[in-house]
$ cat input_34.tsv   # TSV, C-alpha atoms
chain	number	residue	atom	x	y	z
A	1	MET	CA	34.13	-49.92	66.48
A	2	GLY	CA	35.44	-49.98	62.95
A	3	SER	CA	31.97	-50.46	61.55
A	4	GLY	CA	30.71	-47.58	63.75
A	5	HIS	CA	33.29	-45.20	62.33
A	6	TYR	CA	32.29	-46.13	58.81
A	7	PHE	CA	28.67	-45.49	59.65
A	8	TRP	CA	29.35	-42.02	61.04
A	9	ALA	CA	31.58	-41.15	58.08
A	10	ILE	CA	28.89	-42.11	55.59
A	11	LEU	CA	26.29	-40.15	57.55
A	12	TYR	CA	28.52	-37.06	57.60
A	13	PHE	CA	29.18	-37.29	53.86
A	14	ALA	CA	25.48	-37.62	53.15
A	15	SER	CA	24.71	-34.56	55.25
A	16	LEU	CA	27.30	-32.53	53.33
A	17	CYS	CA	25.79	-33.58	49.97
A	18	SER	CA	22.28	-32.74	51.11
A	19	ALA	CA	23.45	-29.34	52.35
A	20	SER	CA	25.17	-28.67	49.03
A	21	LEU	CA	22.04	-29.61	47.10
A	22	ALA	CA	19.94	-27.45	49.37
A	23	ASN	CA	22.24	-24.50	48.74
A	24	ASN	CA	22.04	-25.03	44.96
A	25	ALA	CA	18.27	-25.26	45.15
A	26	LYS	CA	18.14	-21.93	46.95
A	27	ILE	CA	20.09	-20.01	44.27
A	28	ASN	CA	18.12	-16.94	43.20
A	29	PHE	CA	18.75	-16.60	39.48
A	30	ARG	CA	17.04	-13.21	39.37
A	31	GLU	CA	19.61	-12.01	41.82
A	32	LYS	CA	22.30	-13.56	39.65
A	33	GLU	CA	20.91	-11.65	36.62
A	34	LYS	CA	21.12	-8.40	38.55
A	35	LYS	CA	24.71	-9.07	39.51
A	36	VAL	CA	25.64	-9.95	35.94
A	37	LEU	CA	23.97	-6.80	34.59
A	38	ASP	CA	25.75	-4.69	37.17
A	39	GLN	CA	28.98	-6.43	36.29
A	40	ILE	CA	28.82	-5.87	32.52
A	41	LEU	CA	26.85	-2.59	32.40
A	42	GLY	CA	28.04	-0.96	35.59
A	43	ALA	CA	29.39	2.58	35.75
A	44	GLY	CA	32.80	2.81	34.12
A	45	LYS	CA	32.63	-0.70	32.69
A	46	TYR	CA	30.63	-0.22	29.49
A	47	ASP	CA	30.41	2.80	27.20
A	48	ALA	CA	27.37	2.74	24.90
A	49	ARG	CA	28.91	5.44	22.72
A	50	ILE	CA	31.60	3.10	21.39
A	51	ARG	CA	30.63	0.67	18.66
A	52	PRO	CA	31.49	-3.04	19.00
A	53	SER	CA	34.51	-4.57	17.32
A	54	GLY	CA	34.35	-6.38	14.01
A	55	ILE	CA	34.12	-10.12	13.46
A	56	ASN	CA	36.39	-12.11	15.81
A	57	GLY	CA	37.37	-8.97	17.67
A	58	THR	CA	39.02	-7.34	14.66
A	59	ASP	CA	38.99	-3.65	13.85
A	60	GLY	CA	36.62	-4.22	10.93
A	61	PRO	CA	33.05	-2.94	10.72
A	62	ALA	CA	30.40	-4.16	13.12
A	63	VAL	CA	28.03	-6.56	11.36
A	64	VAL	CA	24.31	-6.25	12.11
A	65	ARG	CA	21.90	-8.84	10.77
A	66	VAL	CA	18.33	-7.73	10.18
A	67	ASN	CA	15.03	-9.56	9.78
A	68	ILE	CA	11.45	-8.31	9.84
A	69	PHE	CA	8.01	-9.81	10.39
A	70	VAL	CA	5.17	-8.04	8.53
A	71	ARG	CA	2.13	-8.11	10.79
A	72	SER	CA	-0.33	-6.14	8.64
A	73	ILE	CA	-0.62	-3.77	5.69
A	74	SER	CA	-3.56	-1.52	6.39
A	75	LYS	CA	-3.65	0.93	3.48
A	76	ILE	CA	-2.29	1.43	-0.03
A	77	ASP	CA	-3.25	4.92	-1.18
A	78	ASP	CA	-3.18	5.72	-4.90
A	79	VAL	CA	-3.71	9.47	-4.45
A	80	THR	CA	-0.88	10.16	-2.00
A	81	MET	CA	1.17	7.19	-3.29
A	82	GLU	CA	1.95	5.72	0.11
A	83	TYR	CA	1.21	2.61	2.14
A	84	SER	CA	0.96	1.82	5.84
A	85	VAL	CA	2.54	-1.25	7.41
A	86	GLN	CA	2.94	-2.64	10.90
A	87	LEU	CA	5.93	-4.87	11.50
A	88	THR	CA	8.21	-6.43	14.09
A	89	PHE	CA	11.74	-5.24	13.41
A	90	ARG	CA	14.72	-7.23	14.69
A	91	GLU	CA	18.48	-6.59	14.70
A	92	GLN	CA	21.21	-8.89	15.95
A	93	TRP	CA	24.92	-8.21	16.43
A	94	THR	CA	27.80	-9.30	18.65
A	95	ASP	CA	29.34	-7.12	21.33
A	96	GLU	CA	32.19	-8.96	23.05
A	97	ARG	CA	32.11	-6.50	25.95
A	98	LEU	CA	28.78	-8.05	27.02
A	99	LYS	CA	29.99	-11.63	27.51
A	100	PHE	CA	29.08	-13.23	30.86
A	101	ASP	CA	29.05	-16.56	32.71
A	102	ASP	CA	25.87	-18.51	32.06
A	103	ILE	CA	26.17	-20.55	35.28
A	104	GLN	CA	26.58	-23.89	33.50
A	105	GLY	CA	23.84	-23.15	30.97
A	106	ARG	CA	21.22	-22.12	33.52
A	107	LEU	CA	21.26	-18.44	32.55
A	108	LYS	CA	20.26	-18.46	28.87
A	109	TYR	CA	20.05	-14.70	28.29
A	110	LEU	CA	19.51	-11.37	29.99
A	111	THR	CA	16.57	-9.12	29.10
A	112	LEU	CA	16.60	-5.32	28.94
A	113	THR	CA	13.84	-2.85	28.08
A	114	GLU	CA	16.02	0.26	27.92
A	115	ALA	CA	17.75	0.56	24.57
A	116	ASN	CA	20.08	3.34	25.75
A	117	ARG	CA	21.93	0.96	28.08
A	118	VAL	CA	23.83	-0.66	25.21
A	119	TRP	CA	25.21	0.46	21.85
A	120	MET	CA	22.54	0.54	19.13
A	121	PRO	CA	22.87	0.74	15.32
A	122	ASP	CA	21.70	4.08	13.90
A	123	LEU	CA	19.32	2.55	11.39
A	124	PHE	CA	16.53	4.63	9.84
A	125	PHE	CA	13.86	4.05	7.17
A	126	SER	CA	14.82	6.22	4.21
A	127	ASN	CA	11.38	6.28	2.51
A	128	GLU	CA	9.41	6.83	5.70
A	129	LYS	CA	6.80	9.60	5.85
A	130	GLU	CA	5.70	9.05	9.44
A	131	GLY	CA	5.81	6.35	12.08
A	132	HIS	CA	5.31	5.56	15.76
A	133	PHE	CA	6.14	2.99	18.40
A	134	HIS	CA	3.59	0.94	20.34
A	135	ASN	CA	3.41	1.54	24.09
A	136	ILE	CA	0.20	-0.26	25.09
A	137	ILE	CA	0.22	-1.73	27.70
A	138	MET	CA	3.99	-1.54	27.98
A	139	PRO	CA	6.50	-0.45	25.33
A	140	ASN	CA	6.68	-3.24	22.75
A	141	VAL	CA	10.46	-3.53	22.77
A	142	TYR	CA	13.09	-5.79	24.32
A	143	ILE	CA	16.82	-6.43	24.20
A	144	ARG	CA	18.28	-9.86	24.87
A	145	ILE	CA	21.95	-10.32	25.76
A	146	PHE	CA	23.31	-13.84	25.32
A	147	PRO	CA	26.33	-15.31	27.15
A	148	ASN	CA	28.55	-15.13	24.04
A	149	GLY	CA	27.95	-11.37	23.73
A	150	SER	CA	25.27	-11.61	21.03
A	151	VAL	CA	22.59	-8.91	21.29
A	152	LEU	CA	19.05	-9.24	19.92
A	153	TYR	CA	16.93	-6.09	19.57
A	154	SER	CA	13.22	-6.42	18.74
A	155	ILE	CA	10.55	-3.72	18.47
A	156	ARG	CA	7.04	-3.35	17.03
A	157	ILE	CA	6.51	-0.25	14.90
A	158	SER	CA	3.94	1.22	12.49
A	159	LEU	CA	5.16	3.10	9.43
A	160	THR	CA	3.70	5.09	6.56
A	161	LEU	CA	6.08	4.76	3.63
A	162	ALA	CA	6.28	6.43	0.23
A	163	CYS	CA	5.44	4.20	-2.74
A	164	PRO	CA	5.86	5.86	-6.18
A	165	MET	CA	3.38	4.27	-8.58
A	166	ASN	CA	3.09	3.93	-12.35
A	167	LEU	CA	-0.63	4.07	-13.18
A	168	LYS	CA	-0.47	3.67	-16.96
A	169	LEU	CA	-2.19	0.26	-16.76
A	170	TYR	CA	-4.63	1.21	-13.97
A	171	PRO	CA	-6.68	-0.74	-12.87
A	172	LEU	CA	-4.87	-3.70	-14.46
A	173	ASP	CA	-1.55	-2.73	-12.92
A	174	ARG	CA	1.01	-4.14	-10.50
A	175	GLN	CA	2.85	-1.92	-8.05
A	176	ILE	CA	6.21	-2.40	-6.30
A	177	CYS	CA	6.43	-0.77	-2.87
A	178	SER	CA	9.80	-0.78	-1.14
A	179	LEU	CA	10.93	-0.72	2.46
A	180	ARG	CA	14.42	0.80	2.71
A	181	MET	CA	16.66	0.70	5.78
A	182	ALA	CA	20.03	2.42	5.98
A	183	SER	CA	22.65	3.67	8.41
A	184	TYR	CA	22.42	7.39	9.11
A	185	GLY	CA	25.87	8.21	10.46
A	186	TRP	CA	28.09	5.13	10.39
A	187	THR	CA	29.75	4.42	7.04
A	188	THR	CA	30.50	0.95	5.74
A	189	ASN	CA	33.94	1.21	7.37
A	190	ASP	CA	32.24	1.07	10.77
A	191	LEU	CA	28.83	-0.57	10.27
A	192	VAL	CA	27.44	-3.07	7.75
A	193	PHE	CA	23.84	-4.29	7.56
A	194	LEU	CA	23.16	-7.80	6.29
A	195	TRP	CA	19.95	-9.76	5.87
A	196	LYS	CA	19.61	-12.62	8.29
A	197	GLU	CA	20.37	-15.96	6.69
A	198	GLY	CA	17.48	-18.29	6.03
A	199	ASP	CA	14.23	-16.35	6.16
A	200	PRO	CA	14.91	-12.61	6.57
A	201	VAL	CA	11.34	-11.45	5.78
A	202	GLN	CA	8.24	-13.12	7.14
A	203	VAL	CA	4.63	-12.22	6.40
A	204	VAL	CA	1.61	-13.07	8.52
A	205	LYS	CA	-0.41	-15.88	6.95
A	206	ASN	CA	-3.85	-14.23	7.04
A	207	LEU	CA	-2.72	-10.96	5.46
A	208	HIS	CA	-5.76	-9.22	3.98
A	209	LEU	CA	-5.71	-6.17	1.73
A	210	PRO	CA	-8.87	-4.37	0.51
A	211	ARG	CA	-7.97	-3.95	-3.18
A	212	PHE	CA	-4.59	-5.64	-3.57
A	213	THR	CA	-2.93	-9.02	-3.32
A	214	LEU	CA	0.66	-9.45	-2.15
A	215	GLU	CA	2.16	-11.68	-4.84
A	216	LYS	CA	5.75	-11.90	-3.59
A	217	PHE	CA	8.58	-9.99	-1.93
A	218	LEU	CA	12.28	-9.73	-2.71
A	219	THR	CA	15.21	-8.70	-0.51
A	220	ASP	CA	18.20	-6.80	-1.83
A	221	TYR	CA	20.98	-4.36	-0.91
A	222	CYS	CA	20.96	-0.66	-1.80
A	223	ASN	CA	24.20	0.87	-0.51
A	224	SER	CA	24.36	4.58	-1.21
A	225	LYS	CA	27.39	6.78	-1.82
A	226	THR	CA	27.40	10.45	-0.87
A	227	ASN	CA	30.11	13.07	-0.46
A	228	THR	CA	30.47	11.97	3.18
A	229	GLY	CA	31.04	8.28	2.43
A	230	GLU	CA	29.29	5.04	1.59
A	231	TYR	CA	26.42	3.87	3.80
A	232	SER	CA	25.03	0.38	4.16
A	233	CYS	CA	21.41	-0.07	3.06
A	234	LEU	CA	18.87	-2.90	2.91
A	235	LYS	CA	15.59	-3.01	1.03
A	236	VAL	CA	12.65	-5.33	0.55
A	237	ASP	CA	10.39	-4.95	-2.49
A	238	LEU	CA	6.73	-5.87	-2.03
A	239	LEU	CA	4.93	-6.73	-5.29
A	240	PHE	CA	1.20	-5.93	-5.14
A	241	LYS	CA	-1.37	-6.95	-7.74
A	242	ARG	CA	-4.54	-4.88	-7.95
A	243	GLU	CA	-7.78	-6.83	-7.61
A	244	PHE	CA	-9.87	-6.36	-10.77
A	245	SER	CA	-13.22	-7.58	-9.41
A	246	TYR	CA	-13.84	-4.35	-7.47
A	247	TYR	CA	-13.34	-2.20	-10.57
A	248	LEU	CA	-15.37	-4.58	-12.73
A	249	ILE	CA	-18.39	-4.04	-10.49
A	250	GLN	CA	-17.89	-0.36	-9.73
A	251	ILE	CA	-16.67	0.98	-13.11
A	252	TYR	CA	-16.79	-1.36	-16.09
A	253	ILE	CA	-20.29	-2.83	-15.72
A	254	PRO	CA	-21.96	0.59	-15.01
A	255	CYS	CA	-20.20	2.13	-18.04
A	256	CYS	CA	-21.39	-0.72	-20.27
A	257	MET	CA	-24.94	-0.29	-19.01
A	258	LEU	CA	-24.88	3.44	-19.72
A	259	VAL	CA	-23.72	2.82	-23.30
A	260	ILE	CA	-26.45	0.21	-23.83
A	261	VAL	CA	-29.10	2.55	-22.41
A	262	SER	CA	-27.97	5.29	-24.78
A	263	TRP	CA	-28.51	2.89	-27.69
A	264	VAL	CA	-32.19	2.43	-26.70
A	265	SER	CA	-32.91	5.70	-28.52
A	266	PHE	CA	-32.27	3.89	-31.82
A	267	TRP	CA	-35.50	1.92	-31.33
A	268	LEU	CA	-37.64	4.93	-30.40
A	269	ASP	CA	-39.81	6.66	-32.98
A	270	GLN	CA	-37.99	9.49	-34.70
A	271	GLY	CA	-40.90	11.74	-33.89
A	272	ALA	CA	-40.50	11.17	-30.13
A	273	VAL	CA	-38.15	14.11	-29.82
A	274	PRO	CA	-38.49	14.80	-26.05
A	275	ALA	CA	-37.91	11.15	-25.13
A	276	ARG	CA	-34.85	10.71	-27.33
A	277	VAL	CA	-33.28	14.03	-26.29
A	278	SER	CA	-33.87	13.36	-22.59
A	279	LEU	CA	-32.41	9.86	-22.85
A	280	GLY	CA	-29.33	11.02	-24.74
A	281	VAL	CA	-28.56	14.01	-22.52
A	282	THR	CA	-29.15	12.02	-19.31
A	283	THR	CA	-26.79	9.19	-20.29
A	284	LEU	CA	-24.16	11.71	-21.47
A	285	LEU	CA	-24.23	13.62	-18.18
A	286	THR	CA	-24.18	10.40	-16.14
A	287	MET	CA	-21.18	9.16	-18.08
A	288	ALA	CA	-19.39	12.46	-17.53
A	289	THR	CA	-20.12	12.25	-13.78
A	290	GLN	CA	-18.81	8.68	-13.70
A	291	THR	CA	-15.59	9.79	-15.39
A	292	SER	CA	-15.15	12.65	-12.93
A	293	GLY	CA	-15.63	10.29	-9.98
A	294	ILE	CA	-12.99	7.90	-11.31
A	295	ASN	CA	-10.46	10.71	-11.79
A	296	ALA	CA	-11.19	12.10	-8.31
A	297	SER	CA	-9.88	8.87	-6.74
A	298	LEU	CA	-6.57	9.08	-8.63
A	299	PRO	CA	-3.69	11.54	-8.62
A	300	PRO	CA	-3.48	14.07	-11.49
A	301	VAL	CA	-0.77	12.40	-13.56
A	302	SER	CA	0.56	13.70	-16.88
A	303	TYR	CA	0.10	10.47	-18.86
A	304	THR	CA	-2.95	8.59	-20.14
A	305	LYS	CA	-4.18	5.68	-18.05
A	306	ALA	CA	-5.95	2.56	-19.24
A	307	ILE	CA	-9.12	3.63	-17.44
A	308	ASP	CA	-9.00	6.95	-19.34
A	309	VAL	CA	-9.09	5.09	-22.65
A	310	TRP	CA	-12.06	3.02	-21.46
A	311	THR	CA	-14.12	5.95	-20.21
A	312	GLY	CA	-13.21	7.98	-23.29
A	313	VAL	CA	-14.51	5.26	-25.62
A	314	CYS	CA	-17.72	4.89	-23.58
A	315	LEU	CA	-18.24	8.65	-23.60
A	316	THR	CA	-17.73	8.70	-27.39
A	317	PHE	CA	-20.39	6.02	-27.90
A	318	VAL	CA	-22.90	7.89	-25.71
A	319	PHE	CA	-22.21	11.18	-27.45
A	320	GLY	CA	-22.42	9.44	-30.85
A	321	ALA	CA	-25.91	8.16	-30.02
A	322	LEU	CA	-27.05	11.70	-29.21
A	323	LEU	CA	-25.38	13.08	-32.34
A	324	GLU	CA	-26.99	10.35	-34.46
A	325	PHE	CA	-30.45	11.45	-33.31
A	326	ALA	CA	-29.69	15.08	-34.14
A	327	LEU	CA	-28.53	14.18	-37.67
A	328	VAL	CA	-31.45	11.82	-38.30
A	329	ASN	CA	-33.96	14.39	-37.04
A	330	TYR	CA	-32.48	17.10	-39.24
A	331	ALA	CA	-32.49	14.85	-42.31
A	332	SER	CA	-36.08	13.77	-41.61
A	333	ARG	CA	-37.31	17.34	-41.29
A	334	SER	CA	-35.54	18.37	-44.48
A	335	GLU	CA	-37.08	15.46	-46.38
A	336	THR	CA	-40.56	16.25	-45.02
A	337	ALA	CA	-40.28	19.90	-46.00
A	338	GLY	CA	-39.20	18.96	-49.54
A	339	ALA	CA	-42.08	16.51	-49.95
A	340	SER	CA	-44.61	19.14	-48.77
A	341	SER	CA	-43.27	21.66	-51.26
A	342	ARG	CA	-43.64	19.20	-54.14
A	343	ARG	CA	-47.22	18.30	-53.19
A	344	SER	CA	-48.31	21.96	-52.93
A	345	ALA	CA	-46.95	22.73	-56.43
A	346	GLY	CA	-49.12	20.05	-58.03
A	347	PRO	CA	-48.26	17.65	-60.86
A	348	GLY	CA	-46.45	19.19	-63.80
A	349	LYS	CA	-46.19	22.63	-62.16
A	350	ALA	CA	-43.27	24.30	-60.67
A	351	ALA	CA	-43.30	25.17	-57.01
A	352	PRO	CA	-44.09	28.79	-56.18
A	353	VAL	CA	-41.13	31.07	-55.78
A	354	ARG	CA	-40.51	32.18	-52.20
A	355	GLY	CA	-38.52	35.12	-51.09
A	356	ALA	CA	-38.20	38.81	-51.75
A	357	HIS	CA	-38.66	38.49	-55.56
A	358	ALA	CA	-42.01	36.67	-55.48
A	359	GLY	CA	-44.78	38.56	-57.30
A	360	PRO	CA	-48.22	39.53	-55.93
A	361	GLU	CA	-50.18	37.19	-58.26
A	362	ALA	CA	-50.95	34.50	-55.69
A	363	PRO	CA	-52.30	36.84	-52.96
A	364	GLN	CA	-54.40	38.76	-55.50
A	365	LEU	CA	-55.95	35.54	-56.79
A	366	LEU	CA	-56.96	34.54	-53.29
A	367	GLN	CA	-58.64	37.92	-52.70
A	368	ASP	CA	-60.70	37.63	-55.91
A	369	LEU	CA	-61.87	34.17	-54.93
A	370	ALA	CA	-62.91	35.42	-51.51
A	371	LEU	CA	-65.01	38.22	-52.99
A	372	GLN	CA	-66.74	35.99	-55.55
A	373	VAL	CA	-67.82	33.24	-53.20
A	374	PRO	CA	-70.26	35.32	-51.03
A	375	HIS	CA	-71.66	37.08	-54.15
A	376	GLN	CA	-72.57	33.79	-55.80
A	377	THR	CA	-74.13	32.50	-52.61
A	378	MET	CA	-76.47	35.45	-52.34
A	379	PHE	CA	-77.84	34.90	-55.81
$ encode --input "input_34.tsv" --output "structure tokens"
Amino acid sequence: MGSGHYFWAILYFASLCSASLANNAKINFREKEKKVLDQILGAGKYDARIRPSGINGTDGPAVVRVNIFVRSISKIDDVTMEYSVQLTFREQWTDERLKFDDIQGRLKYLTLTEANRVWMPDLFFSNEKEGHFHNIIMPNVYIRIFPNGSVLYSIRISLTLACPMNLKLYPLDRQICSLRMASYGWTTNDLVFLWKEGDPVQVVKNLHLPRFTLEKFLTDYCNSKTNTGEYSCLKVDLLFKREFSYYLIQIYIPCCMLVIVSWVSFWLDQGAVPARVSLGVTTLLTMATQTSGINASLPPVSYTKAIDVWTGVCLTFVFGALLEFALVNYASRSETAGASSRRSAGPGKAAPVRGAHAGPEAPQLLQDLALQVPHQTMF
């Protein structure tokens, strides 16, 4: 009997363990997530208008750490001085009001897609011209809430940003384009932005730009003070180097060829006036058109650019070739006219006087000769 009681006791204990395991296996974690969200974000429990506390629950400013991932840079425009970039923007901060039980590590984080459910930093891009979110197929945004109250906000955006350029060395220049992020309404007493430790800015590996190369990027802080207070600001400077090969093929080699073609007139006969004039005028007009096309692709700046010096020198050489022909032709004609005058005067005689004071002796002599020749022939 004693052994029978032990057997039934062990069987009962085993059934209880199996039932407990079965109940644990049937836990619906999605239902648990819903309950947790209702618990921490329910009506009257969380107010998204109130900012989180400072570090360790103090009354200091809320600290938001930022990092970005540059997906592509599609355009760098010299005329409008702007560039377009697509990036994944991330912010992370701690809100102790959002702490929850992770069910012994089984609930790693909660995911939201509505940013208005929790408090959000009022960050804006200070040098932005225009921008838009991505909503295909669904809005490219999420919010993750971790058990310790940490909040991660991630969104994909496309921006067109202002990039003031110095074109004095164009097209051998380097340009620095910045991305500035600042708080719009919260001062540094309430909100501070910091770069994420480690690797705050990441760039896609196969980044391709048509006429530039991204050499490096630097992160920095740019807090601004106004009459309403001091505002936290972050910036990243992108250093772009202009690719010279495009301009070598499109500008420098054609200009050199035009100058060389204009020099061909030096080997033409000085009497070939139509050919030399046509060649000189054609190369001059082509060079002027080339210069106009170069300036049309650049903004009208008040200083001289390196490309202006190059095109100006090329234009001077082409114009000099045309001017050289005009001077040589004039000198040749003057020398020919002088030689003809000396031959007509004969050796040891002075050349006849031309002009209003010339006497009638020469025409009278010719008339007498004309009258005598037929008379002598008749006899």
$ residues_around --input "input_34.tsv" --residues "Asp237 in chain A" --least-positions-apart "3" --cutoff "6 Å" --atoms "only C-alpha atoms" --output "PyMOL selection string"
chain A and resi 177-178+217-218
$ residues_around --input "input_34.tsv" --residues "Leu152 in chain A" --least-positions-apart "4" --cutoff "6 Å" --atoms "only C-alpha atoms" --output "ChimeraX atom specification"
/A:91-92,143-144
$ closest_residue --input "input_34.tsv" --among "A:Gly312, A:Gly105, A:Gly280, A:Gly44" --to "Asn148 in chain A" --atoms "only C-alpha atoms"
A:Gly105
$ residues_around --input "input_34.tsv" --residues "range 203-216 of chain A" --least-positions-apart "4" --cutoff "7 Å" --atoms "only C-alpha atoms" --output "list in words"
Phe69, Val70, Arg71, Ser72, Ile73, Ser74, Leu238, Leu239, Phe240, Lys241, Arg242 and Glu243 of chain A
$ atom_distance --input "input_34.tsv" --atom1 "CA of Trp267 in chain A" --atom2 "CA of Ala326 in chain A"
14.7 Å
$ atom_distance --input "input_34.tsv" --atom1 "CA of Leu87 in chain A" --atom2 "CA of Met165 in chain A"
22.2 Å
$ closest_residue --input "input_34.tsv" --among "A:Thr187, A:Pro299, A:Leu322, A:Tyr231" --to "Val273 in chain A" --atoms "all atoms listed in the file"
A:Leu322
$ atom_distance --input "input_34.tsv" --atom1 "CA of Arg106 in chain A" --atom2 "CA of Lys45 in chain A"
24.3 Å
$ closest_atom_pairs --input "input_34.tsv" --of "range 205-294 of chain A" --to "range 109-131 of chain A" --cutoff "12 Å" --atoms "all atoms listed in the file" --output "tab-separated table"
residue	atom	partner	partner_atom	distance
A:Cys222	CA	A:Ser126	CA	11.0
A:Asn223	CA	A:Ser126	CA	11.8
A:Ser224	CA	A:Ser126	CA	11.1
A:Tyr231	CA	A:Leu123	CA	10.5
A:Ser232	CA	A:Leu123	CA	9.5
A:Cys233	CA	A:Leu123	CA	9.0
A:Leu234	CA	A:Phe125	CA	9.6
A:Lys235	CA	A:Phe125	CA	9.5
A:Val236	CA	A:Phe125	CA	11.5
$ closest_residue --input "input_34.tsv" --among "A:Cys314, A:Val309, A:Ile76, A:Ala331" --to "Met287 in chain A" --atoms "all atoms listed in the file"
A:Cys314
$ build_atoms --input "input_34.tsv" --residues "range 311-328 of chain A" --atoms "N, CA and C atoms" --output "PDB file, in the coordinates of the input"
ATOM      1  N   THR A 311     -13.062   4.952 -20.401  1.00  0.00           N
ATOM      2  CA  THR A 311     -14.120   5.950 -20.210  1.00  0.00           C
ATOM      3  C   THR A 311     -14.242   6.867 -21.418  1.00  0.00           C
ATOM      4  N   GLY A 312     -13.133   7.159 -22.095  1.00  0.00           N
ATOM      5  CA  GLY A 312     -13.210   7.980 -23.290  1.00  0.00           C
ATOM      6  C   GLY A 312     -13.982   7.302 -24.405  1.00  0.00           C
ATOM      7  N   VAL A 313     -13.767   5.996 -24.606  1.00  0.00           N
ATOM      8  CA  VAL A 313     -14.510   5.260 -25.620  1.00  0.00           C
ATOM      9  C   VAL A 313     -15.988   5.199 -25.270  1.00  0.00           C
ATOM     10  N   CYS A 314     -16.315   4.934 -24.003  1.00  0.00           N
ATOM     11  CA  CYS A 314     -17.720   4.890 -23.580  1.00  0.00           C
ATOM     12  C   CYS A 314     -18.387   6.247 -23.774  1.00  0.00           C
ATOM     13  N   LEU A 315     -17.689   7.309 -23.428  1.00  0.00           N
ATOM     14  CA  LEU A 315     -18.240   8.650 -23.600  1.00  0.00           C
ATOM     15  C   LEU A 315     -18.454   8.965 -25.081  1.00  0.00           C
ATOM     16  N   THR A 316     -17.576   8.481 -25.953  1.00  0.00           N
ATOM     17  CA  THR A 316     -17.730   8.700 -27.390  1.00  0.00           C
ATOM     18  C   THR A 316     -18.965   7.973 -27.928  1.00  0.00           C
ATOM     19  N   PHE A 317     -19.208   6.756 -27.468  1.00  0.00           N
ATOM     20  CA  PHE A 317     -20.390   6.020 -27.900  1.00  0.00           C
ATOM     21  C   PHE A 317     -21.673   6.725 -27.457  1.00  0.00           C
ATOM     22  N   VAL A 318     -21.698   7.196 -26.213  1.00  0.00           N
ATOM     23  CA  VAL A 318     -22.900   7.890 -25.710  1.00  0.00           C
ATOM     24  C   VAL A 318     -23.125   9.179 -26.481  1.00  0.00           C
ATOM     25  N   PHE A 319     -22.073   9.938 -26.690  1.00  0.00           N
ATOM     26  CA  PHE A 319     -22.210  11.180 -27.450  1.00  0.00           C
ATOM     27  C   PHE A 319     -22.577  10.894 -28.910  1.00  0.00           C
ATOM     28  N   GLY A 320     -22.065   9.801 -29.473  1.00  0.00           N
ATOM     29  CA  GLY A 320     -22.420   9.440 -30.850  1.00  0.00           C
ATOM     30  C   GLY A 320     -23.886   9.109 -30.994  1.00  0.00           C
ATOM     31  N   ALA A 321     -24.471   8.456 -29.961  1.00  0.00           N
ATOM     32  CA  ALA A 321     -25.910   8.160 -30.020  1.00  0.00           C
ATOM     33  C   ALA A 321     -26.728   9.446 -30.028  1.00  0.00           C
ATOM     34  N   LEU A 322     -26.337  10.419 -29.223  1.00  0.00           N
ATOM     35  CA  LEU A 322     -27.050  11.700 -29.210  1.00  0.00           C
ATOM     36  C   LEU A 322     -26.852  12.449 -30.537  1.00  0.00           C
ATOM     37  N   LEU A 323     -25.655  12.407 -31.064  1.00  0.00           N
ATOM     38  CA  LEU A 323     -25.380  13.080 -32.340  1.00  0.00           C
ATOM     39  C   LEU A 323     -26.125  12.397 -33.488  1.00  0.00           C
ATOM     40  N   GLU A 324     -26.248  11.083 -33.419  1.00  0.00           N
ATOM     41  CA  GLU A 324     -26.990  10.350 -34.460  1.00  0.00           C
ATOM     42  C   GLU A 324     -28.442  10.799 -34.504  1.00  0.00           C
ATOM     43  N   PHE A 325     -29.063  10.983 -33.327  1.00  0.00           N
ATOM     44  CA  PHE A 325     -30.450  11.450 -33.310  1.00  0.00           C
ATOM     45  C   PHE A 325     -30.565  12.841 -33.914  1.00  0.00           C
ATOM     46  N   ALA A 326     -29.622  13.724 -33.596  1.00  0.00           N
ATOM     47  CA  ALA A 326     -29.690  15.080 -34.140  1.00  0.00           C
ATOM     48  C   ALA A 326     -29.583  15.063 -35.663  1.00  0.00           C
ATOM     49  N   LEU A 327     -28.686  14.247 -36.213  1.00  0.00           N
ATOM     50  CA  LEU A 327     -28.530  14.180 -37.670  1.00  0.00           C
ATOM     51  C   LEU A 327     -29.755  13.550 -38.325  1.00  0.00           C
ATOM     52  N   VAL A 328     -30.274  12.485 -37.734  1.00  0.00           N
ATOM     53  CA  VAL A 328     -31.450  11.820 -38.300  1.00  0.00           C
ATOM     54  C   VAL A 328     -32.658  12.750 -38.251  1.00  0.00           C
TER      55      VAL A 328
END
